[in-house]
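First the structure, in the form of structure tokens, and then the observations on it.
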Amino acid sequence: MIGGLFIYNHKGEVLISRVYRDDIGRNAVDAFRVNVIHARQQVRSPVTNIARTSFFHVKRSNIWLAAVTKQNVNAAMVFEFLYKMCDVMAAYFGKISEENIKNNFVLIYELLDEILDFGYPQNSETGALKTFITQQGIKSQHHTKEEQSQITSQVTGQIGWRREGIKYRRNELFLDVLESVNLLMSPQGQVLSAHVSGRVVMKSYLSGMPECKFGMNDKIVIDKQGKGGTTDDTGKSELGGSSGKQSIAIDDCTFHQCVRLSKFDSERSISFIPPDGEYELMRYRTTKDIILPFRVIPLVREVGRTKLEVKVVIKSNFKPSLLAQKIEVRIPTPLNTSGVQVICMKGKAKYKASENAIVWKIKRMAGMKESQISAEIELLPTNDKKKWARPPISMNFEVPFAPSGLKVRYLKVFEPKLNYSDHDVIKWVRYIGRSGIYETRC
Amino acid sequence: MPAVSKGDGMRGLAVFISDIRNCKSKEAEIKRINKELANIRSKFKGDKALDGYSKKKYVCKLLFIFLLGHDIDFGHMEAVNLLSSNKYTEKQIGYLFISVLVNSNSELIRLINNAIKNDLSSRNPTFMCLALHCIANVGSREMAEAFAGEIPRILVAGDTMDSVKQSAALCLLRLYKTSPDLVLMGEWTSRVVHLLNDQHMGVVTAAISLITCLSQKNPDEFKTCVSLAVSRLSRIVSSASTDLQDYTYYFVPAPWLSCKLLRLLQCYPPPEDGAVKGRLVECLETILNKAQEPPKSKKVQHSNAKNAILFEAISLIIHYDSEPNLLVRACNQLGQFLQHRETNLRYLALESMCTLASSEFSHEAVKTHIETVINALKTERDVSVRQRAADLLYAMCDRSNAKQIVAEMLSYLETADYSIREEMVLKVAILAEKYAVDYSWYVDTILNLIRIAGDYVSEEVWYRVIQIVINRDDVQGYAAKTVFEALQAPACHENMVKVGGYILGEFGNLIAGDPRSSPLVQFNLLHSKFHLCSVPTRALLLSAYIKFINLFPETKSTIQEVLRSDSQIRNSDVELQQRAVEYLKLSSIASTDVLATVLEEMPPFPERESSILAKLKKKKGPGAVSVNELEEGKREGGELNGGGERGADTSAIATSNASTPSPSADLLGLRAGPPVTAAAPSAGSLLVDVFSEAGVNDDGFLRDLEPPTESSDSLLAEGPGDSDSAPTPPPSVVSEEPAPPLPESNELLNKFVCKNNGVLFENQLLQIGIKSEYRQNLGRMYLFYGNKTSVQFVTFTTTVTCPGELQSQLNVQSKTVEPLIEGGAQVQQVINIECLSDFSDAPLLNIKFRYGGALQNLTLKLPVTINKFFQPTEMLSNDFFQRWKQLSQPQQEAQKIFKANHAMDTEVLKAKLLGMGMALLENVDPNPENFVCAGVIQTKAQQVGSLLRLEPNAQAQMYRLTVRSSKDTVSKRLCELLAEQF
């Protein structure tokens, strides 16, 4: 159970301090500041134990959020809560910054009172919270009796995330598949580790209390259907073989609270009554059959003690009709670099001394293309015997498909009470694949 | 210093620094620094040569970045180039960079040394000063090697500027402190001393620091400085406040110089030359007089400076301890300060008075302030001042005022600060014991102590009260009565229960006649506390119960009932269960006769030095080593006892029980001496014995109580873990020959003649602590090698060798040590020593290890001297003289007459003689000033009886030492060893 929650600015000054339990004293505030924010060493674990007190922190831009406890809590729960807290604050007043927090401190305390009770996390659904915690404090008095009782019944009821009686003229639904692909590759092109972590984010504007059903090319579901669909043995194996390409193996996934888990467990179908507005339906992770959008081929040659020649080729590896965007290759340079000359065929490249790297940016690049950069790095001889460790070349990009291979097969909406059917709902689906930590050793 | 010209402003640097300061986050700062570093690299790499200004600017930036905590691995060359510049600012920045950043094994050191040499030989005083400051700041051994010869020349040269002389003196001091062996004053000594006569006060002030340091090492060479210092001091003291111009500080002439002069004089005994002494006394009197004058200024600086000199003068007076007049005046002066409104002054006054109280001349004078001090103890706000007041009360206590002081301390204890309570308790306990005329008062005091501050009463204190009660028949009844009354309080401290349990168990019968304290009442009272106590106390109470059965047969059935109850006989604690079972059986099987024999009253304990005193000493000076020792001791104790219960009584009981079918009479693990216990396995008692020195409270008790006769032959028979490693050969020599013994190793040896524990050796890298224990002709020594650096030592090997004929006289076996010592870590080595016959040399300990690649090789003498194998012998006066006469052959006697090196304090002398291992015989010599000692040196081959007589002559500050022993070599060696000690 969370004993208290503190928010600090980058200097370590306390902006928000809320203590939920008596075992957390005032000195805990200082303990975190002294031992974590002002700590000498660079590497900071997100969990710190100081004098039998555990501090869990996350950092958003220059703001530190720290949850404190003396008990043996589930750390994952605490972090989930902290992230949720960030989302809630962002939903209320936009970017989390020192100024915004200072301007909204009353609101934040109000939120903290609501979403944590004696250290136990409560409803943290933004949509629900917004119905009764508003930034216009006085306005809430204008709620009618019925409205108030409705809020009560909703918040305490079974479907706490959606209120009844929502009405839209146009029933619309947006679905984003957002993935980030992580890679570590050896200089010879061997994949050392790769995984994709993805999220399905929905924005729904639907009337009434609709029941939704979401389907994707999950391998287990596809296999099961294949089994059910054919009785012929040979046919089954063929189908299984063909679906192997189309279906993906999901390593693990988590769902929004609206998803009926019992149904997922028994039938592996994802059905739910969606909250109104934007929310994250599920999160997942895959490690098999990942489509790597780019291949980086480095070539580093040391010419004597004072010179280094670097050549890097990038190849795009997806359908030529698709366009990758915001491509950035970061080539680290040795610490004793005294001058750099760069030539690149496409995009712009620059030596950034402040980051000890050559940064090569390309705006757009189609699939199945390749591009090259070559750089000459001059070095200053030092009396230091240490050899340069050659950190990996990293890359950033954005591609309009899901590198995991995930496909949305359907999203059906049923609303028996109101008279609109699945076909009347306008649905939008979008895939975005971004780079996570995408590195190639050189 | 030349004025900084306008172009030297270094705008770029200022901009850079302000950029860094404006950075919002650490990341932004790192980015800015990376950018700047890249810029500087490209500038340094650039083909066109940089001018001095930009070079200076960039080196400055690098320095700033380094001081922010980032690594700098270039720019050294540019900094060295700056050294050869002719501009002050550029040179200064160059030196600054070098002294901060250059490490000693850099290749550049040759270039740097060259530049420094050039500057030293230049005629420009600012350049010379810069070079000297750089040498002092780096202060490495390499620097010392290169310049230790040069600097004294500069220091004494006639044409050197005063400012350079100051720098040179302080630089030399710094080099001397880091590598004393390289700074050889030799021919310069007299000229350095004559710097005290220098016209320039700054030079004198700097030189005196150097001389003080040097004279502490070689007092004889610098003896001439005393008269010079005295004359200088008298000139300053007698000067008017305006005479010294720049060196007058708030109307006080040259306060720093005066303090330093007074401190220098404290390195030496009082001057022998009457004129010099007269002049010095005059000076001190003037200083004391000046303290009485009304202040010339109301500023705090004025009084601070004046008081600083005064306190230094007073400590000099105390150091001399020969002028009763001055001592009394100093005491009166301090008495005035006791009521001063400045807290610091009160603190200092109390502190100085503490030392004054130990002087025989001023003791009475100090005692007159007792009311003020007691008042200070009660009303002082600052705890450190209260602590000093408590110390002073302790120091001024004697038989006449003991009762008052102890009462005051006791009443203060109730409100005392928690941090000093334990020490206060010890002090009260010691004073009560030391000055107890009436032992019932003593018992009252200690019981009061336990009542008031039970938590802070350490084991030693209540052990001691039990020892005293047992040894003194006259207080036993009173003690039993008082304890009984004290126990009737509804809530009493556990320590009280312990004392109560023990005393009632032994002497409950003395008060059983009174119906109010009949046996059953006593038992019920004790048993009512039983359930509130911890396991060791319960164990003690069980023992008390079985004693009750013996004392009062009528309680037998009640007690057996208690023992038989499930909470005892099935107790989850093994110790309690075992006691319950065994006592129950003992009481039901044994006949009353057997019971009476087994449970007989405890015999008196042998008289020993109070263990509380040792504890207080330990508390007083918790130096690095003593703390280490303590921890080491605890660790070892834990390991060797198998990590089990280590209470003194429990471990001993456990061993004796394990070996004997019936429980012994060894009730509390106190070795009472019946045959059953004598047969107890030696291992158990040995462990406790050996480690008792380490200050583990419980074990310390046992050591105090145990007669020194048993189990000593098995000292070398270690636990199973050790015994198999005994025959391992000593660690072999790695690569080079062992270095010759250090020049100071003989001194180190002398340090340990009268003590067994301490720091044997210490330099910048390594600290060697020593702890040793001797029993008859056997000894065991623990060496603790502490790595003082943060880098690990590799291939760490030690070898112990016996040079020459020592091989046949001493058998030394050492265990190998681990070859790796982590930074800051400590390893331990055990060395077993057996004395085969008498010897005069000391075994050599060679230590080799690599520190950062460089082989370190040093050889020390192990402090094993013949007197370690002394067995003290008590004898009466006529016995002594009879034996003295028997040893009258000329070669059996060795005599030496020598000057006192230390103050002739009777207590110190006694402690030293006792530390040497002989028995100090009181009331033997007709002259009470003289000391006589007797002892037997135990070697495997023979026993050598030795007698000693030490005659101090306080007027001449001389001693005559006569040693007679049955073997001529022994007499000679003892005489040599001891002559160095006094």
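Residue numbering restarts at 1 for every chain of the structure tokens, chains are lettered A, B, ... in their displayed order, and ligands are numbered from 1 as they appear.
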List as a ChimeraX atom specification the protein and nucleic acid residues near stretch 34-43 of chain A, meaning an atom at most 12 Å away when only C-alpha atoms are counted, but skip any in the same chain fewer than 5 places from it. /A:7-14,27-29,48-51,54-59,62-66 /B:25-27,30,68-69
Distance filter 8 Å, only C-alpha atoms, chain A against chain B, as an NGL selection string: :A and (10 or 62 or 336-339 or 352-356 or 380-384)
Residue list (strand (DSSP E or B), DSSP) for stretch 776-921 of chain B, as a ChimeraX atom specification: /B:778-787,793-801,810-814,821,826-835,844-851,854-861,870-872,893-899,919-921
Rank B:Gln467, B:Gln577, B:Ser258, B:Gln856 by their smallest atom-to-atom distance to B:Ile309, using only C-alpha atoms, and report the top residue only.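 Closest residue, counting only C-alpha atoms: B:Ser258.
Distance-wise, atom CA of B:Lys585 and atom CA of B:Gly500 end up 24.9 Å apart.
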B:Glu323, B:Ser352, B:Leu264, B:Arg235 ranked by distance to B:Cys213, top pick (using only C-alpha atoms): B:Leu264
Need to verify the contact set: stretch 944-949 of chain B, 7 Å, only C-alpha atoms, exclusion of same-chain residues closer than 4 positions in sequence. Can you return it as a count of residues only? 15
Here is a test: counting only C-alpha atoms, which residue of B:Cys331, B:Leu155, B:Leu338, B:Asn401 is nearest to B:Glu380? B:Leu338
Just want the 8 Å neighbourhood of A:Ala375, counted on only C-alpha atoms, with same-chain residues fewer than 5 positions away dropped. Output as a list in words.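 Contacts, in chain order: Glu309, Val310, Lys311, Val340, Gln341, Val342 and Ile343 of chain A.
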Output N, CA and C atoms for every residue in that selection, as an mmCIF file, in the first residue's frame.
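This went into selection38.cif:
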data_model
loop_
_atom_site.group_PDB
_atom_site.id
_atom_site.type_symbol
_atom_site.label_atom_id
_atom_site.label_comp_id
_atom_site.auth_asym_id
_atom_site.auth_seq_id
_atom_site.Cartn_x
_atom_site.Cartn_y
_atom_site.Cartn_z
ATOM 1 N N GLU A 309 37.846 6.275 -39.803
ATOM 2 C CA GLU A 309 36.934 6.390 -40.938
ATOM 3 C C GLU A 309 35.706 5.552 -40.672
ATOM 4 N N VAL A 310 34.544 6.165 -40.834
ATOM 5 C CA VAL A 310 33.298 5.463 -40.546
ATOM 6 C C VAL A 310 32.432 5.497 -41.797
ATOM 7 N N LYS A 311 31.892 4.341 -42.142
ATOM 8 C CA LYS A 311 30.938 4.290 -43.245
ATOM 9 C C LYS A 311 29.733 3.516 -42.741
ATOM 10 N N VAL A 340 35.439 16.579 -37.463
ATOM 11 C CA VAL A 340 34.699 15.566 -38.216
ATOM 12 C C VAL A 340 34.328 16.131 -39.592
ATOM 13 N N GLN A 341 34.540 15.312 -40.631
ATOM 14 C CA GLN A 341 33.996 15.645 -41.953
ATOM 15 C C GLN A 341 32.999 14.576 -42.349
ATOM 16 N N VAL A 342 31.822 15.007 -42.810
ATOM 17 C CA VAL A 342 30.770 14.046 -43.133
ATOM 18 C C VAL A 342 30.314 14.232 -44.580
ATOM 19 N N ILE A 343 30.074 13.125 -45.264
ATOM 20 C CA ILE A 343 29.442 13.173 -46.587
ATOM 21 C C ILE A 343 28.301 12.175 -46.558
#
Please identify the helix (DSSP H, G or I) residues within stretch 184-332 of chain A (assignment by DSSP from backbone atoms) and present them as an MDAnalysis selection string. chainID A and resid 219:229 233:246 261:267
Dump C-alpha atoms for the selected residues as a PDB file, in the first residue's frame?
ATOM      1  CA  LYS A 219      -2.071 -17.315 -33.471  1.00  0.00           C
ATOM      2  CA  ILE A 220      -4.046 -19.239 -30.887  1.00  0.00           C
ATOM      3  CA  VAL A 221      -7.371 -17.893 -32.137  1.00  0.00           C
ATOM      4  CA  ILE A 222      -6.519 -18.528 -35.768  1.00  0.00           C
ATOM      5  CA  ASP A 223      -5.318 -22.069 -35.060  1.00  0.00           C
ATOM      6  CA  LYS A 224      -8.453 -22.796 -33.100  1.00  0.00           C
ATOM      7  CA  GLN A 225     -10.671 -21.535 -35.864  1.00  0.00           C
ATOM      8  CA  GLY A 226      -8.674 -23.529 -38.395  1.00  0.00           C
ATOM      9  CA  LYS A 227      -9.254 -26.611 -36.285  1.00  0.00           C
ATOM     10  CA  GLY A 228     -12.962 -25.904 -35.985  1.00  0.00           C
ATOM     11  CA  GLY A 229     -13.358 -24.981 -39.617  1.00  0.00           C
ATOM     12  CA  ASP A 233      -6.414 -33.549 -41.497  1.00  0.00           C
ATOM     13  CA  THR A 234      -4.306 -32.528 -44.453  1.00  0.00           C
ATOM     14  CA  GLY A 235      -6.342 -29.412 -44.963  1.00  0.00           C
ATOM     15  CA  LYS A 236      -5.800 -28.436 -41.377  1.00  0.00           C
ATOM     16  CA  SER A 237      -2.080 -28.639 -41.606  1.00  0.00           C
ATOM     17  CA  GLU A 238      -2.085 -26.595 -44.774  1.00  0.00           C
ATOM     18  CA  LEU A 239      -4.277 -24.010 -43.215  1.00  0.00           C
ATOM     19  CA  GLY A 240      -2.108 -23.968 -40.157  1.00  0.00           C
ATOM     20  CA  GLY A 241       0.920 -23.450 -42.340  1.00  0.00           C
ATOM     21  CA  SER A 242      -0.602 -20.593 -44.218  1.00  0.00           C
ATOM     22  CA  SER A 243      -1.966 -18.937 -41.126  1.00  0.00           C
ATOM     23  CA  GLY A 244       1.538 -19.109 -39.591  1.00  0.00           C
ATOM     24  CA  LYS A 245       2.518 -16.219 -41.778  1.00  0.00           C
ATOM     25  CA  GLN A 246      -0.583 -14.229 -41.097  1.00  0.00           C
ATOM     26  CA  LEU A 261     -11.139 -11.386 -18.725  1.00  0.00           C
ATOM     27  CA  SER A 262     -13.228 -14.481 -18.075  1.00  0.00           C
ATOM     28  CA  LYS A 263     -14.262 -14.486 -21.648  1.00  0.00           C
ATOM     29  CA  PHE A 264     -10.707 -13.967 -22.817  1.00  0.00           C
ATOM     30  CA  ASP A 265      -9.549 -16.861 -20.684  1.00  0.00           C
ATOM     31  CA  SER A 266     -12.193 -19.266 -21.944  1.00  0.00           C
ATOM     32  CA  GLU A 267     -12.615 -18.252 -25.581  1.00  0.00           C
TER      33      GLU A 267
END
Please provide as a ChimeraX atom specification all residues within 7 Å of A:Gly127, with the sequence filter that same-chain residues fewer than 4 positions apart are discarded (counting only C-alpha atoms). /A:131,161,276
If you keep N, CA, C and O atoms, can you produce a file of those selected residues as a CSV table (one decimal), in the first residue's frame?
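Written file, result01.csv:
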chain,number,residue,atom,x,y,z
A,131,THR,N,-16.1,13.4,-14.6
A,131,THR,CA,-17.5,13.8,-14.4
A,131,THR,C,-17.7,14.4,-13.0
A,131,THR,O,-18.6,15.2,-12.8
A,161,TRP,N,-16.6,2.8,-15.5
A,161,TRP,CA,-15.9,3.6,-16.5
A,161,TRP,C,-16.8,4.2,-17.5
A,161,TRP,O,-16.3,5.0,-18.4
A,276,ASP,N,-16.0,6.0,-22.6
A,276,ASP,CA,-16.2,7.1,-23.6
A,276,ASP,C,-14.8,7.8,-23.8
A,276,ASP,O,-14.2,8.1,-22.8
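What separates atom CA of A:Val408 from atom CA of A:Glu179 is a distance of 13.5 Å.
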The distance between atom CA of B:Leu172 and atom CA of B:Gly202 is 15.6 Å
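When the distance limit is 12 Å and only C-alpha atoms are what count, the residues near A:Thr287, minus those fewer than 2 positions from it on the same chain, are Ser180, Val181, Asn182, Leu183, Val191, Leu192, Ser193, Ala194, His195, Val196, Ser197, Gly198, Ile248, Ala249, Ile250, Asp251, Asp252, Tyr284, Arg285, Asp289, Ile290, Ile291, Leu292, Pro403, Ser404 and Gly405 of chain A.
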Prev. selection, C-alpha atoms, output as a compact mmCIF listing (two decimals), in the first residue's frame:
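Okay, again.txt is ready:
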# COMPACT_ATOMS: atom_id res chain seq x y z
CA SER A 180 7.84 0.17 -30.70
CA VAL A 181 10.46 -2.18 -32.00
CA ASN A 182 13.66 -2.87 -30.09
CA LEU A 183 16.73 -4.43 -31.58
CA VAL A 191 20.15 -10.42 -34.35
CA LEU A 192 21.20 -10.58 -30.73
CA SER A 193 17.87 -9.57 -29.29
CA ALA A 194 14.66 -8.17 -30.70
CA HIS A 195 11.22 -7.56 -29.36
CA VAL A 196 8.18 -5.44 -30.03
CA SER A 197 6.05 -3.85 -27.39
CA GLY A 198 2.76 -2.62 -28.67
CA ILE A 248 1.34 -13.73 -34.69
CA ALA A 249 2.40 -15.25 -31.40
CA ILE A 250 1.76 -12.85 -28.56
CA ASP A 251 4.07 -13.42 -25.61
CA ASP A 252 2.03 -11.60 -23.06
CA TYR A 284 1.23 -6.72 -25.65
CA ARG A 285 4.71 -7.94 -26.42
CA ASP A 289 8.96 -13.21 -36.52
CA ILE A 290 9.55 -9.52 -36.14
CA ILE A 291 9.81 -7.48 -39.31
CA LEU A 292 12.89 -5.28 -38.88
CA PRO A 403 6.53 -4.56 -37.15
CA SER A 404 5.11 -7.39 -35.09
CA GLY A 405 2.79 -8.30 -37.97
Show me, as a list of chain:residue names, the residues that have an atom within 12 Å of A:Asn104 when counting only C-alpha atoms, minus same-chain residues fewer than 2 positions from it. A:Leu15, A:Ile16, A:Met89, A:Ala90, A:Tyr92, A:Phe93, A:Gly94, A:Lys95, A:Ile96, A:Ser97, A:Glu98, A:Glu99, A:Asn100, A:Ile101, A:Lys102, A:Val106, A:Leu107, A:Ile108, A:Tyr109, A:Glu110, A:Leu111, A:Thr134, A:Gln135, A:Gln136, A:Gly137
